[in-house]
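Report on one structure; see the data block that follows.
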Protein chains: 2
Amino acid sequence: MRKFFVLFTLIISTCLVAGDNTDKTFIHALYTKTQLNHASYKLLRELTAQYPRRLAGSPGADGAVQWARRTMQQLGFDRVYLQEIKVPHWERGEAEACYVVFPDNHREKLSVLALGRSVPTPGGELLAPLYVAHDVDDIKKADPEAVKGRIVFFNAAFPDTFLQTMHGYGRAVQKRVWGPSEAARKGAVAVIIRSVTTAHDDAPHTGTLVYAGDAPKVPAAALGYLSADRLYEYWKRNKNIKVSLRINSRIFPDKTSYNVIGELTGRKHPEQIIAIGGHLDAWDVGEGAQDDGAGIVHSIGALALLKQAGYQPQNTIRAVCFMNEENGLRGGKAYARIAKEKKEKHIVAIESDAGGFTPRGFGYSGPEAGLKQLNEWLPLFPPFTIQAIRPSGGGADIGPLHKAMSTPVMSLIPDNQRYFDFHHSHKDVFSAVNRRELELGTASVAALLYLIDQYGLNNGVKHSASHP
Amino acid sequence: MRKFFVLFTLIISTCLVAGDNTDKTFIHALYTKTQLNHASYKLLRELTAQYPRRLAGSPGADGAVQWARRTMQQLGFDRVYLQEIKVPHWERGEAEACYVVFPDNHREKLSVLALGRSVPTPGGELLAPLYVAHDVDDIKKADPEAVKGRIVFFNAAFPDTFLQTMHGYGRAVQKRVWGPSEAARKGAVAVIIRSVTTAHDDAPHTGTLVYAGDAPKVPAAALGYLSADRLYEYWKRNKNIKVSLRINSRIFPDKTSYNVIGELTGRKHPEQIIAIGGHLDAWDVGEGAQDDGAGIVHSIGALALLKQAGYQPQNTIRAVCFMNEENGLRGGKAYARIAKEKKEKHIVAIESDAGGFTPRGFGYSGPEAGLKQLNEWLPLFPPFTIQAIRPSGGGADIGPLHKAMSTPVMSLIPDNQRYFDFHHSHKDVFSAVNRRELELGTASVAALLYLIDQYGLNNGVKHSASHP
């Protein structure tokens, strides 16, 4: 470890006299450093081992808040503080159950997870015949008489035709988010969906639903892909099958929780902020390793890496661990409100919430000049790391800030082919994260923070192009 | 399935009237198609399930040869044939064993795999004290008196500082390939190495060694990364520990085997060949899924995809399933020899032997004009697929052809961060391959074959730029 530090210092020293290649050398050294010290990977192991279940309002979330604060303090960040918020408090309760019930009363178990925010099934078990719909558009056209009293089964699969899974997700997730209320409007008593996933196995994938104000709240759950296949096959053969669903969820009063913020204070413009964040909460299955432990350790890890390199930022660089992204977005909303109240000046807000896979690029939403600037920096990144800037970026947690203050927003774009294999399921565990890939993400974020800190984003906010 | 075909035909039809965007549309349709039909993934499942162990000379290799021939015949390729070769026949025999033996004769088991081609330990168990070296350079400088009668333990880890693992591998593999003979020259009785791997677990990774003609042949094996850690710690504490090694390998006379070749015959220039290949043989642990089942199904799958798209090539497009890449390269050598004898005209030979991960680019070695041409095609590939052409390409199996006939050679470059976690170990199994990533590789290869078939490679071989 000691020899790594010497090597690193040597590289940094070299870069200070290297002239034209200074930025490139500095950035390359950041990448190399992450592959040697595995700092983010170690943080992720710690977070996922100690607080695998971190849904807002849970003891795990409380523990993770303290972990994030303690971690950033121990790393010697200049300022570490909490932003108090109120979060929804939903609990799954005893494990849910779902069976296909044949006309002869034989039952076959299906692999199932209640959707987040779902109400429980009334009186324990709910038993009803099926109405099979493809997706939300399909149920909107349905005859209420045919749906009434039935469990609606949204059977649409993840659309494989989108080469980037994020785009497929945008389409596929509609049935999960809006399906329950759309079905309820037609008289459905519950909803089950084929899990929103790229994996063809039997792990169910949860995620939030949104109950519309004008529709009855019906219980809703997701089936594993193979269970959905089976159910659909049974239904095709015999329309008289029923489904038994039992969801034991409970909704409690809102609880106090926190965004956790750590900063490296800017030397010239401490009032100007470059923010990078992910969300600390995670679904109550798996360990929230890819979603979004990776984003948390990308954020904390990037600041730690810059600090360890002896870099002293011009502007304040801030790591934000948002709370409650998964089922309420209260953290993101509070962050934007407070930033507005305090008249904080964000140069940019960046989000990492797409997993710890090999970084491919960044997305950007903001003034055109910033996009041009970002593209000019592409040659500074090592081969086969950041190779593209997409003219659309941001994320759920920084969306409210973008909206409230027109802050330019960016997102880290990791390779996303595997993300939805794990997302929101019990498979999203530490061992599913590759050490090298995760660390390349941290280095990419650190390099971006460095460049923006050095040169701004051509977006009207003043900056000083003095080198470290 | 039927509806996919209709969609595909529609896309292809559209592309035929789309003018400027014809190539781009056709290529995009190839990518989409692979994500819908999963043809390569299904082939890989079949190959790895039926013939998981395919080391040259084994019954699995024989079965795989028949599988490849049958598969390409069933896919309706125009010509499918075998190239007979003689391959070395090495067998691991009964599982090897390695123990650290403490001065009080207590033994502790280490995780181990004999290296390919290793001779057995004489008389069953070999028990000797240790000489610890870092790598080959280190043993070259050693005092023979200090090495004599000992087991040399090469302890160097995979160098993490290379951001592309292929480069780290080039460095790390030296101790595996040349270490045994270098140590034997100094009087070592056996060699054990820290496995050549990016994973920090206890799976040992095998791979071939090369015995130099002028050195005694000593048995050699690889330890799991964690076993190597343990052994090194014990040795640091007590230099009097010994190591017990038992390798039960056997070397048999050479056996008959085959390269398996399938072709889509060129309509205008059947005599001009565009070759794509991988190797059919695999180490005798795991299932050879990433190494190199992926390359085999990329190759067969790409031809099948073009055929299914109704594409009729100008030149002959050839899929080559090489035999014996892992421990002899007899297939690659024979292919080059036969090509030279027959005066075959290869426009290019492409190799896929770096796993079934998300494709990032291609490597190219050949005339400069070809490199320029390839770079001009980059915008035709969908975002976040092929993003770079590296000016160095090829592969083990097409190396002899490149050397013999100056054939331009190329390699598919998948993201390589995870490759050496699996490579040559029992972890290289079908379930470690992601369906979407694998299929993107097949589409990338098919797109490249299409472009080269259409436009040549500016390398002096005539071509006709007529569209499908």
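All residue names refer to the structure tokens as shown: chains lettered A, B, ... in order, residues numbered from 1 in each chain, ligands numbered from 1 in order.
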Report as a PyMOL selection string: the residues of segment 233-298 of chain B with a DSSP assignment of strand (DSSP E), based on the backbone of this structure. chain B and resi 242-246+250-264+269-279
At a cut-off of 9 Å, which residues of chain A touch chain B? Count only C-alpha atoms and give the answer as a PyMOL selection string. chain A and resi 31-36+159-164+198-199+358+360-361+382-385+387-388+415+417-418+434-437+440
Contacts of Tyr258 of chain B at 10 Å or less, counting only C-alpha atoms, minus same-chain residues fewer than 6 places along, as an NGL selection string? :B and (56 or 61-62 or 65-66 or 81-87 or 280 or 321-324 or 330-331 or 334)
To one decimal place in Å, what is the distance between atom CA of Gly207 of chain A and atom CA of Asp143 of chain A? 27.8 Å
Need the shell around Leu457 of chain B: protein/DNA/RNA residues with any atom at most 10 Å away, counting only C-alpha atoms. Skip same-chain ones fewer than 5 positions apart. Format as an mmCIF file with C-alpha atoms, in the first residue's frame?
```cif
data_model
loop_
_atom_site.group_PDB
_atom_site.id
_atom_site.type_symbol
_atom_site.label_atom_id
_atom_site.label_comp_id
_atom_site.auth_asym_id
_atom_site.auth_seq_id
_atom_site.Cartn_x
_atom_site.Cartn_y
_atom_site.Cartn_z
ATOM 1 C CA ILE B 347 -9.364 -10.275 -47.601
ATOM 2 C CA VAL B 348 -9.071 -10.438 -43.836
ATOM 3 C CA GLY B 366 -2.666 -4.661 -41.793
ATOM 4 C CA PRO B 367 -2.121 -1.948 -44.387
ATOM 5 C CA GLU B 368 -2.753 1.599 -43.144
ATOM 6 C CA ALA B 369 -5.566 2.208 -45.635
ATOM 7 C CA GLY B 370 -7.583 -0.545 -44.002
ATOM 8 C CA LEU B 371 -7.338 1.158 -40.635
ATOM 9 C CA LYS B 372 -8.632 4.398 -42.112
ATOM 10 C CA GLN B 373 -11.503 2.567 -43.771
ATOM 11 C CA LEU B 374 -12.492 0.851 -40.530
ATOM 12 C CA PRO B 408 -4.656 -8.437 -42.579
ATOM 13 C CA LEU B 451 -19.099 -3.961 -44.366
ATOM 14 C CA ILE B 452 -15.914 -5.679 -45.466
ATOM 15 C CA LYS B 462 -10.763 -6.311 -55.567
ATOM 16 C CA HIS B 463 -14.322 -5.880 -54.401
#
```
Please measure the separation of atom CA of Leu113 of chain A and atom CA of Ser257 of chain A, giving the value in Å to one decimal.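 Separation between atom CA of Leu113 of chain A and atom CA of Ser257 of chain A: 25.2 Å.
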Contacts of segment 178-184 of chain B at 10 Å (only C-alpha atoms; same-chain gap of 5+ positions) as a PyMOL selection string: chain B and resi 115+118+131+133+135-140+142+144+147-154+173+189-193+208-221
